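This is entry26.pdb (PDB, C-alpha atoms, pLDDT in the B column).
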ATOM      1  CA  MET A 260      97.375 149.089 176.439  1.00 48.00           C
ATOM      2  CA  ARG A 261      97.108 152.858 176.267  1.00 58.00           C
ATOM      3  CA  MET A 262      99.682 155.060 174.580  1.00 60.00           C
ATOM      4  CA  ARG A 263     102.013 156.808 176.990  1.00 73.00           C
ATOM      5  CA  ALA A 264     102.727 160.243 175.513  1.00 75.00           C
ATOM      6  CA  GLY A 265     105.890 160.935 177.482  1.00 77.00           C
ATOM      7  CA  LEU A 266     107.513 157.732 176.265  1.00 81.00           C
ATOM      8  CA  SER A 267     106.400 157.738 172.648  1.00 80.00           C
ATOM      9  CA  ARG A 268     109.567 159.492 171.450  1.00 80.00           C
ATOM     10  CA  LEU A 269     112.015 157.570 173.625  1.00 87.00           C
ATOM     11  CA  ASP A 270     113.689 154.217 173.923  1.00 87.00           C
ATOM     12  CA  LEU A 271     113.900 152.806 177.447  1.00 88.00           C
ATOM     13  CA  ALA A 272     116.954 151.196 179.016  1.00 90.00           C
ATOM     14  CA  PHE A 273     116.305 149.418 182.311  1.00 88.00           C
ATOM     15  CA  ILE A 274     119.391 148.936 184.439  1.00 91.00           C
ATOM     16  CA  ARG A 275     119.303 146.883 187.624  1.00 89.00           C
ATOM     17  CA  HIS A 276     121.306 148.117 190.578  1.00 91.00           C
ATOM     18  CA  GLY A 277     124.659 146.509 191.271  1.00 90.00           C
ATOM     19  CA  SER A 278     125.393 143.972 194.004  1.00 91.00           C
ATOM     20  CA  THR A 279     124.757 145.281 197.491  1.00 90.00           C
ATOM     21  CA  ALA A 280     126.081 145.065 200.990  1.00 83.00           C
ATOM     22  CA  PRO A 281     123.616 143.835 203.638  1.00 80.00           C
ATOM     23  CA  THR A 282     121.928 146.695 205.466  1.00 76.00           C
ATOM     24  CA  THR A 283     118.671 147.314 207.240  1.00 71.00           C
ATOM     25  CA  PRO A 284     116.396 149.007 206.362  1.00 81.00           C
ATOM     26  CA  ASP A 285     116.253 147.785 202.778  1.00 80.00           C
ATOM     27  CA  ILE A 286     115.904 151.224 201.191  1.00 83.00           C
ATOM     28  CA  ALA A 287     119.256 152.244 202.725  1.00 85.00           C
ATOM     29  CA  ARG A 288     121.262 149.362 201.207  1.00 87.00           C
ATOM     30  CA  VAL A 289     124.321 150.611 199.326  1.00 90.00           C
ATOM     31  CA  LEU A 290     126.528 148.972 196.744  1.00 94.00           C
ATOM     32  CA  SER A 291     129.325 146.638 197.707  1.00 94.00           C
ATOM     33  CA  ASP A 292     132.746 147.073 196.098  1.00 95.00           C
ATOM     34  CA  LYS A 293     131.631 144.544 193.479  1.00 95.00           C
ATOM     35  CA  GLY A 294     128.410 146.534 192.903  1.00 94.00           C
ATOM     36  CA  ARG A 295     130.332 149.777 192.401  1.00 95.00           C
ATOM     37  CA  ALA A 296     132.562 148.048 189.830  1.00 95.00           C
ATOM     38  CA  GLN A 297     129.427 146.676 188.108  1.00 94.00           C
ATOM     39  CA  ALA A 298     127.882 150.158 187.967  1.00 95.00           C
ATOM     40  CA  ARG A 299     131.002 151.691 186.429  1.00 94.00           C
ATOM     41  CA  LEU A 300     131.188 148.846 183.920  1.00 93.00           C
ATOM     42  CA  ALA A 301     127.531 149.374 182.960  1.00 92.00           C
ATOM     43  CA  GLY A 302     128.376 152.998 182.213  1.00 91.00           C
ATOM     44  CA  SER A 303     131.538 152.333 180.270  1.00 90.00           C
ATOM     45  CA  THR A 304     130.049 149.524 178.174  1.00 90.00           C
ATOM     46  CA  TYR A 305     126.255 149.321 178.003  1.00 90.00           C
ATOM     47  CA  LEU A 306     125.404 153.015 178.304  1.00 89.00           C
ATOM     48  CA  ARG A 307     128.089 153.991 175.790  1.00 86.00           C
ATOM     49  CA  ARG A 308     126.592 151.531 173.314  1.00 88.00           C
ATOM     50  CA  ILE A 309     122.982 152.680 173.479  1.00 86.00           C
ATOM     51  CA  GLY A 310     123.481 156.031 171.789  1.00 79.00           C
ATOM     52  CA  ALA A 311     122.043 159.416 172.631  1.00 85.00           C
ATOM     53  CA  LEU A 312     120.775 159.659 176.199  1.00 88.00           C
ATOM     54  CA  ALA A 313     117.776 161.715 177.223  1.00 90.00           C
ATOM     55  CA  PRO A 314     118.674 164.616 179.549  1.00 89.00           C
ATOM     56  CA  LEU A 315     116.732 162.772 182.263  1.00 92.00           C
ATOM     57  CA  VAL A 316     117.413 159.628 184.282  1.00 94.00           C
ATOM     58  CA  ILE A 317     114.843 158.033 186.562  1.00 96.00           C
ATOM     59  CA  CYS A 318     115.771 155.751 189.423  1.00 94.00           C
ATOM     60  CA  SER A 319     114.188 154.039 192.357  1.00 93.00           C
ATOM     61  CA  ALA A 320     114.553 155.964 195.613  1.00 93.00           C
ATOM     62  CA  ALA A 321     116.573 153.064 197.035  1.00 92.00           C
ATOM     63  CA  GLY A 322     120.143 154.101 197.826  1.00 92.00           C
ATOM     64  CA  ARG A 323     121.629 151.273 195.772  1.00 93.00           C
ATOM     65  CA  CYS A 324     119.772 152.455 192.648  1.00 94.00           C
ATOM     66  CA  VAL A 325     120.794 156.086 193.113  1.00 94.00           C
ATOM     67  CA  GLU A 326     124.408 155.018 193.633  1.00 95.00           C
ATOM     68  CA  THR A 327     124.320 152.753 190.556  1.00 95.00           C
ATOM     69  CA  ALA A 328     122.916 155.574 188.406  1.00 95.00           C
ATOM     70  CA  THR A 329     125.443 158.091 189.682  1.00 94.00           C
ATOM     71  CA  LEU A 330     128.417 155.797 189.061  1.00 95.00           C
ATOM     72  CA  ALA A 331     127.200 154.480 185.702  1.00 93.00           C
ATOM     73  CA  LEU A 332     126.500 157.959 184.385  1.00 91.00           C
ATOM     74  CA  GLY A 333     129.612 159.526 185.915  1.00 87.00           C
ATOM     75  CA  GLU A 334     131.783 160.150 182.911  1.00 65.00           C
ATOM     76  CA  LEU A 335     128.925 159.979 180.397  1.00 68.00           C
ATOM     77  CA  ALA A 336     127.089 162.851 182.067  1.00 64.00           C
ATOM     78  CA  ALA A 337     130.155 165.039 181.872  1.00 55.00           C
ATOM     79  CA  GLY A 338     130.379 164.562 178.131  1.00 55.00           C
ATOM     80  CA  SER A 339     126.707 164.946 177.275  1.00 58.00           C
ATOM     81  CA  GLY A 340     125.652 168.093 179.098  1.00 63.00           C
ATOM     82  CA  GLU A 341     123.457 168.169 182.160  1.00 79.00           C
ATOM     83  CA  ILE A 342     121.428 165.058 182.999  1.00 86.00           C
ATOM     84  CA  LYS A 343     118.706 165.419 185.630  1.00 90.00           C
ATOM     85  CA  LEU A 344     118.325 162.490 188.036  1.00 93.00           C
ATOM     86  CA  VAL A 345     114.805 162.022 189.414  1.00 95.00           C
ATOM     87  CA  ARG A 346     114.216 159.586 192.272  1.00 95.00           C
ATOM     88  CA  SER A 347     110.925 157.709 192.316  1.00 94.00           C
ATOM     89  CA  GLN A 348     109.469 156.206 195.457  1.00 91.00           C
ATOM     90  CA  VAL A 349     106.913 154.401 193.262  1.00 88.00           C
ATOM     91  CA  LEU A 350     109.642 152.331 191.589  1.00 88.00           C
ATOM     92  CA  TYR A 351     110.822 151.250 195.032  1.00 84.00           C
ATOM     93  CA  ASP A 352     107.481 150.842 196.814  1.00 69.00           C
ATOM     94  CA  GLY A 353     106.061 148.608 194.117  1.00 60.00           C
ATOM     95  CA  THR A 354     108.542 145.911 195.002  1.00 57.00           C
ATOM     96  CA  MET A 355     108.001 146.237 198.732  1.00 61.00           C
ATOM     97  CA  GLN A 356     104.252 145.687 199.012  1.00 64.00           C
ATOM     98  CA  PRO A 357     103.398 143.196 201.778  1.00 66.00           C
ATOM     99  CA  GLU A 358     102.547 140.502 199.224  1.00 70.00           C
ATOM    100  CA  GLY A 359     105.733 141.277 197.278  1.00 70.00           C
ATOM    101  CA  SER A 360     107.888 141.030 200.371  1.00 73.00           C
ATOM    102  CA  THR A 361     106.339 137.689 201.315  1.00 78.00           C
ATOM    103  CA  ILE A 362     106.979 136.110 197.931  1.00 78.00           C
ATOM    104  CA  PHE A 363     110.487 137.611 197.799  1.00 75.00           C
ATOM    105  CA  ARG A 364     111.335 136.006 201.154  1.00 77.00           C
ATOM    106  CA  LYS A 365     110.246 132.683 199.645  1.00 83.00           C
ATOM    107  CA  LEU A 366     111.941 132.929 196.215  1.00 80.00           C
ATOM    108  CA  GLY A 367     114.704 135.483 196.700  1.00 75.00           C
ATOM    109  CA  TYR A 368     116.580 136.398 193.524  1.00 72.00           C
ATOM    110  CA  ALA A 369     114.994 133.656 191.450  1.00 76.00           C
ATOM    111  CA  PRO A 370     114.275 134.233 187.751  1.00 77.00           C
ATOM    112  CA  LEU A 371     111.055 136.075 186.990  1.00 76.00           C
ATOM    113  CA  ARG A 372     109.539 132.895 185.505  1.00 81.00           C
ATOM    114  CA  ASP A 373     109.727 131.323 188.989  1.00 85.00           C
ATOM    115  CA  TYR A 374     107.685 134.204 190.371  1.00 81.00           C
ATOM    116  CA  TYR A 375     105.105 133.829 187.620  1.00 81.00           C
ATOM    117  CA  ALA A 376     104.881 130.091 188.326  1.00 88.00           C
ATOM    118  CA  GLU A 377     103.567 130.954 191.810  1.00 87.00           C
ATOM    119  CA  GLY A 378     100.110 131.596 190.407  1.00 87.00           C
ATOM    120  CA  GLU A 379      97.596 134.253 189.480  1.00 89.00           C
ATOM    121  CA  THR A 380      97.904 136.303 192.684  1.00 83.00           C
ATOM    122  CA  VAL A 381     101.622 136.857 192.143  1.00 82.00           C
ATOM    123  CA  ARG A 382     101.137 137.517 188.403  1.00 82.00           C
ATOM    124  CA  THR A 383      98.480 140.117 189.226  1.00 84.00           C
ATOM    125  CA  LEU A 384     100.775 141.761 191.793  1.00 81.00           C
ATOM    126  CA  LEU A 385     103.708 141.944 189.368  1.00 80.00           C
ATOM    127  CA  ASP A 386     101.581 143.133 186.461  1.00 81.00           C
ATOM    128  CA  GLY A 387     100.079 145.863 188.674  1.00 82.00           C
ATOM    129  CA  TYR A 388     103.567 146.960 189.661  1.00 81.00           C
ATOM    130  CA  ALA A 389     104.642 146.989 186.003  1.00 81.00           C
ATOM    131  CA  ARG A 390     101.702 149.168 184.958  1.00 84.00           C
ATOM    132  CA  GLY A 391     102.266 151.528 187.896  1.00 85.00           C
ATOM    133  CA  ALA A 392     105.998 151.753 187.167  1.00 87.00           C
ATOM    134  CA  LEU A 393     105.419 152.534 183.504  1.00 87.00           C
ATOM    135  CA  ASP A 394     102.787 155.159 184.387  1.00 90.00           C
ATOM    136  CA  GLU A 395     105.254 156.728 186.826  1.00 92.00           C
ATOM    137  CA  ILE A 396     108.078 156.756 184.270  1.00 92.00           C
ATOM    138  CA  ASP A 397     105.762 158.276 181.662  1.00 92.00           C
ATOM    139  CA  GLY A 398     104.565 160.983 184.074  1.00 92.00           C
ATOM    140  CA  ILE A 399     108.115 161.932 185.049  1.00 94.00           C
ATOM    141  CA  ALA A 400     109.161 162.051 181.383  1.00 92.00           C
ATOM    142  CA  GLN A 401     106.233 164.364 180.601  1.00 90.00           C
ATOM    143  CA  ARG A 402     107.088 166.659 183.538  1.00 91.00           C
ATOM    144  CA  TYR A 403     110.839 166.913 183.029  1.00 90.00           C
ATOM    145  CA  LEU A 404     111.635 166.418 179.351  1.00 88.00           C
ATOM    146  CA  PRO A 405     111.233 169.361 177.009  1.00 79.00           C
ATOM    147  CA  GLN A 406     108.628 168.857 174.317  1.00 74.00           C
ATOM    148  CA  SER A 407     111.150 170.209 171.857  1.00 67.00           C
ATOM    149  CA  LEU A 408     113.788 167.474 172.097  1.00 68.00           C
ATOM    150  CA  ASP A 409     115.652 167.297 168.813  1.00 66.00           C
ATOM    151  CA  SER A 410     114.484 164.745 166.277  1.00 70.00           C
ATOM    152  CA  GLU A 411     117.179 162.244 167.238  1.00 76.00           C
ATOM    153  CA  ARG A 412     115.657 159.320 169.128  1.00 81.00           C
ATOM    154  CA  ARG A 413     117.027 159.261 172.684  1.00 86.00           C
ATOM    155  CA  THR A 414     117.217 156.670 175.415  1.00 90.00           C
ATOM    156  CA  LEU A 415     115.687 157.251 178.838  1.00 92.00           C
ATOM    157  CA  CYS A 416     117.631 155.276 181.453  1.00 93.00           C
ATOM    158  CA  VAL A 417     115.678 153.822 184.374  1.00 94.00           C
ATOM    159  CA  PHE A 418     117.686 152.411 187.277  1.00 94.00           C
ATOM    160  CA  GLY A 419     115.721 150.064 189.446  1.00 89.00           C
ATOM    161  CA  HIS A 420     115.226 146.553 190.655  1.00 82.00           C
ATOM    162  CA  ALA A 421     115.112 143.256 188.784  1.00 66.00           C
ATOM    163  CA  ILE A 422     111.342 143.338 188.757  1.00 56.00           C
ATOM    164  CA  CYS A 423     111.344 146.380 186.448  1.00 47.00           C
ATOM    165  CA  ALA A 424     112.097 143.976 183.614  1.00 45.00           C
ATOM    166  CA  ARG A 425     108.407 143.053 183.660  1.00 43.00           C
ATOM    167  CA  VAL A 426     107.334 146.527 182.542  1.00 43.00           C
ATOM    168  CA  GLN A 427     105.501 146.129 179.270  1.00 42.00           C
ATOM    169  CA  CYS A 428     105.487 148.271 176.137  1.00 45.00           C
ATOM    170  CA  PRO A 429     103.540 147.555 172.985  1.00 41.00           C
ATOM    171  CA  VAL A 430     106.430 146.307 170.857  1.00 40.00           C
ATOM    172  CA  ASP A 431     106.845 143.902 168.007  1.00 40.00           C
ATOM    173  CA  ARG A 432     109.953 141.958 167.043  1.00 36.00           C
ATOM    174  CA  GLN A 433     111.267 144.941 165.083  1.00 40.00           C
ATOM    175  CA  GLY A 434     110.773 147.222 168.108  1.00 42.00           C
ATOM    176  CA  VAL A 435     113.296 145.381 170.251  1.00 40.00           C
ATOM    177  CA  SER A 436     116.908 145.909 169.309  1.00 38.00           C
ATOM    178  CA  ALA A 437     118.872 142.689 169.748  1.00 38.00           C
ATOM    179  CA  GLN A 438     122.077 144.706 169.666  1.00 40.00           C
ATOM    180  CA  THR A 439     121.258 146.867 172.671  1.00 42.00           C
ATOM    181  CA  ASN A 440     118.251 145.219 174.363  1.00 46.00           C
ATOM    182  CA  LYS A 441     116.303 148.480 174.362  1.00 45.00           C
ATOM    183  CA  LEU A 442     112.539 148.682 174.211  1.00 43.00           C
ATOM    184  CA  ARG A 443     111.040 151.144 171.783  1.00 41.00           C
ATOM    185  CA  CYS A 444     107.685 152.384 173.043  1.00 42.00           C
ATOM    186  CA  THR A 445     105.795 153.722 170.037  1.00 35.00           C
TER     187      THR A 445
END
Before anything else, please render the file you have as structure tokens.
Amino acid sequence: MRMRAGLSRLDLAFIRHGSTAPTTPDIARVLSDKGRAQARLAGSTYLRRIGALAPLVICSAAGRCVETATLALGELAAGSGEIKLVRSQVLYDGTMQPEGSTIFRKLGYAPLRDYYAEGETVRTLLDGYARGALDEIDGIAQRYLPQSLDSERRTLCVFGHAICARVQCPVDRQGVSAQTNKLRCT
């Protein structure tokens, strides 16, 4: 796997959007009351625990992801200076490919292992999405983050869909923090 320059000095925190209300089209789905409470809780617990945040947040273009990011970062952003939110259509589109939609209709919100059990075609689809998502995140980080970030390691938050968990980084056991579940891409 190639080194991704924009991510080499960052930890990544992937946050799935909160529970949603049913809406069509899919990209327009917004959070339910439960989802808004989940987003605020993610901000007040998980994001507080992970340490210094990068001045950039990336999220899927889906309304539910943007809303989750906005609510989760609400009070944190106020205390840490300006945080730029960049929406990525790639993080959304990767999950909505025709093959992805077909398998999602079959399995729904099943664990990722159930998707991988469907065979090589589905594994190839998900792995392609993971590589594309990581390339997109790296490109955005290179475009928007200053090269002169201080020496303190920072966490880049990515708000997306459950499938983002498949994104791979070259890590070893020491590179994954059990305390915060962050990936360190070095």
Considering all atoms listed in the file, return as a PDB file with C-alpha atoms, in the coordinates of the input whatever protein or nucleic-acid residues lie within 7 Å of Cys416 (chain A), sequence-local ones (same chain, fewer than 2 positions apart) excluded.
ATOM      1  CA  LEU A 271     113.900 152.806 177.447  1.00 88.00           C
ATOM      2  CA  ALA A 272     116.954 151.196 179.016  1.00 90.00           C
ATOM      3  CA  PHE A 273     116.305 149.418 182.311  1.00 88.00           C
ATOM      4  CA  VAL A 316     117.413 159.628 184.282  1.00 94.00           C
ATOM      5  CA  ILE A 317     114.843 158.033 186.562  1.00 96.00           C
ATOM      6  CA  THR A 414     117.217 156.670 175.415  1.00 90.00           C
ATOM      7  CA  PHE A 418     117.686 152.411 187.277  1.00 94.00           C
TER       8      PHE A 418
END
Given all atoms listed in the file, how would the per-residue table for region 295-404 of chain A near region 275-287 of chain A read, listing every residue at most 12 Å away with its closest atom pair and distance in Å to one decimal, sorted by chain and number, as CSV?
residue,atom,partner,partner_atom,distance
A:Arg295,CA,A:Gly277,CA,6.6
A:Ala296,CA,A:Gly277,CA,8.2
A:Gln297,CA,A:Gly277,CA,5.7
A:Ala298,CA,A:Gly277,CA,5.9
A:Arg299,CA,A:Gly277,CA,9.5
A:Leu300,CA,A:Gly277,CA,10.1
A:Ala301,CA,A:Gly277,CA,9.2
A:Gly302,CA,A:Gly277,CA,11.7
A:Cys318,CA,A:His276,CA,9.5
A:Ser319,CA,A:His276,CA,9.4
A:Ala320,CA,A:Ile286,CA,7.4
A:Ala321,CA,A:Ile286,CA,4.6
A:Gly322,CA,A:Ala287,CA,5.3
A:Arg323,CA,A:His276,CA,6.1
A:Cys324,CA,A:His276,CA,5.0
A:Val325,CA,A:His276,CA,8.4
A:Glu326,CA,A:His276,CA,8.2
A:Thr327,CA,A:His276,CA,5.5
A:Ala328,CA,A:His276,CA,7.9
A:Thr329,CA,A:His276,CA,10.8
A:Leu330,CA,A:Gly277,CA,10.3
A:Ala331,CA,A:His276,CA,9.9
A:Gln348,CA,A:Ile286,CA,10.0
A:Leu350,CA,A:Ile286,CA,11.5
A:Tyr351,CA,A:Ile286,CA,8.0
A:Asp352,CA,A:Ile286,CA,9.5
A:Thr354,CA,A:Ile286,CA,11.0
A:Met355,CA,A:Asp285,CA,9.3
A:Ser360,CA,A:Asp285,CA,11.0
A:Tyr368,CA,A:Ser278,CA,11.6
*Can you work out which one of A:Leu384, A:Ile362, A:Val349, A:Ile342 has the shortest atom-to-atom distance to Tyr403 (chain A), counting all atoms listed in the file?*
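Closest residue, counting all atoms listed in the file: A:Ile342.
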*d(CA of Tyr388 (chain A), CA of Arg402 (chain A)) in Å*: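 Taking CA of Tyr388 (chain A) as the start and CA of Arg402 (chain A) as the end point, the length is 20.9 Å.
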_Nearest residue to Leu266 (chain A) out of A:Arg346, A:Arg413, A:Lys365, A:Arg308, using only C-alpha atoms?_
A:Arg413
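Of the residues listed (A:Leu366, A:Leu315, A:Leu385, A:Val289), A:Leu315 shows the shortest atom-to-atom separation from Gln401 (chain A); distances use all atoms listed in the file.
From CA of Ser347 (chain A) back to CA of Ile309 (chain A), the distance works out to 22.9 Å.
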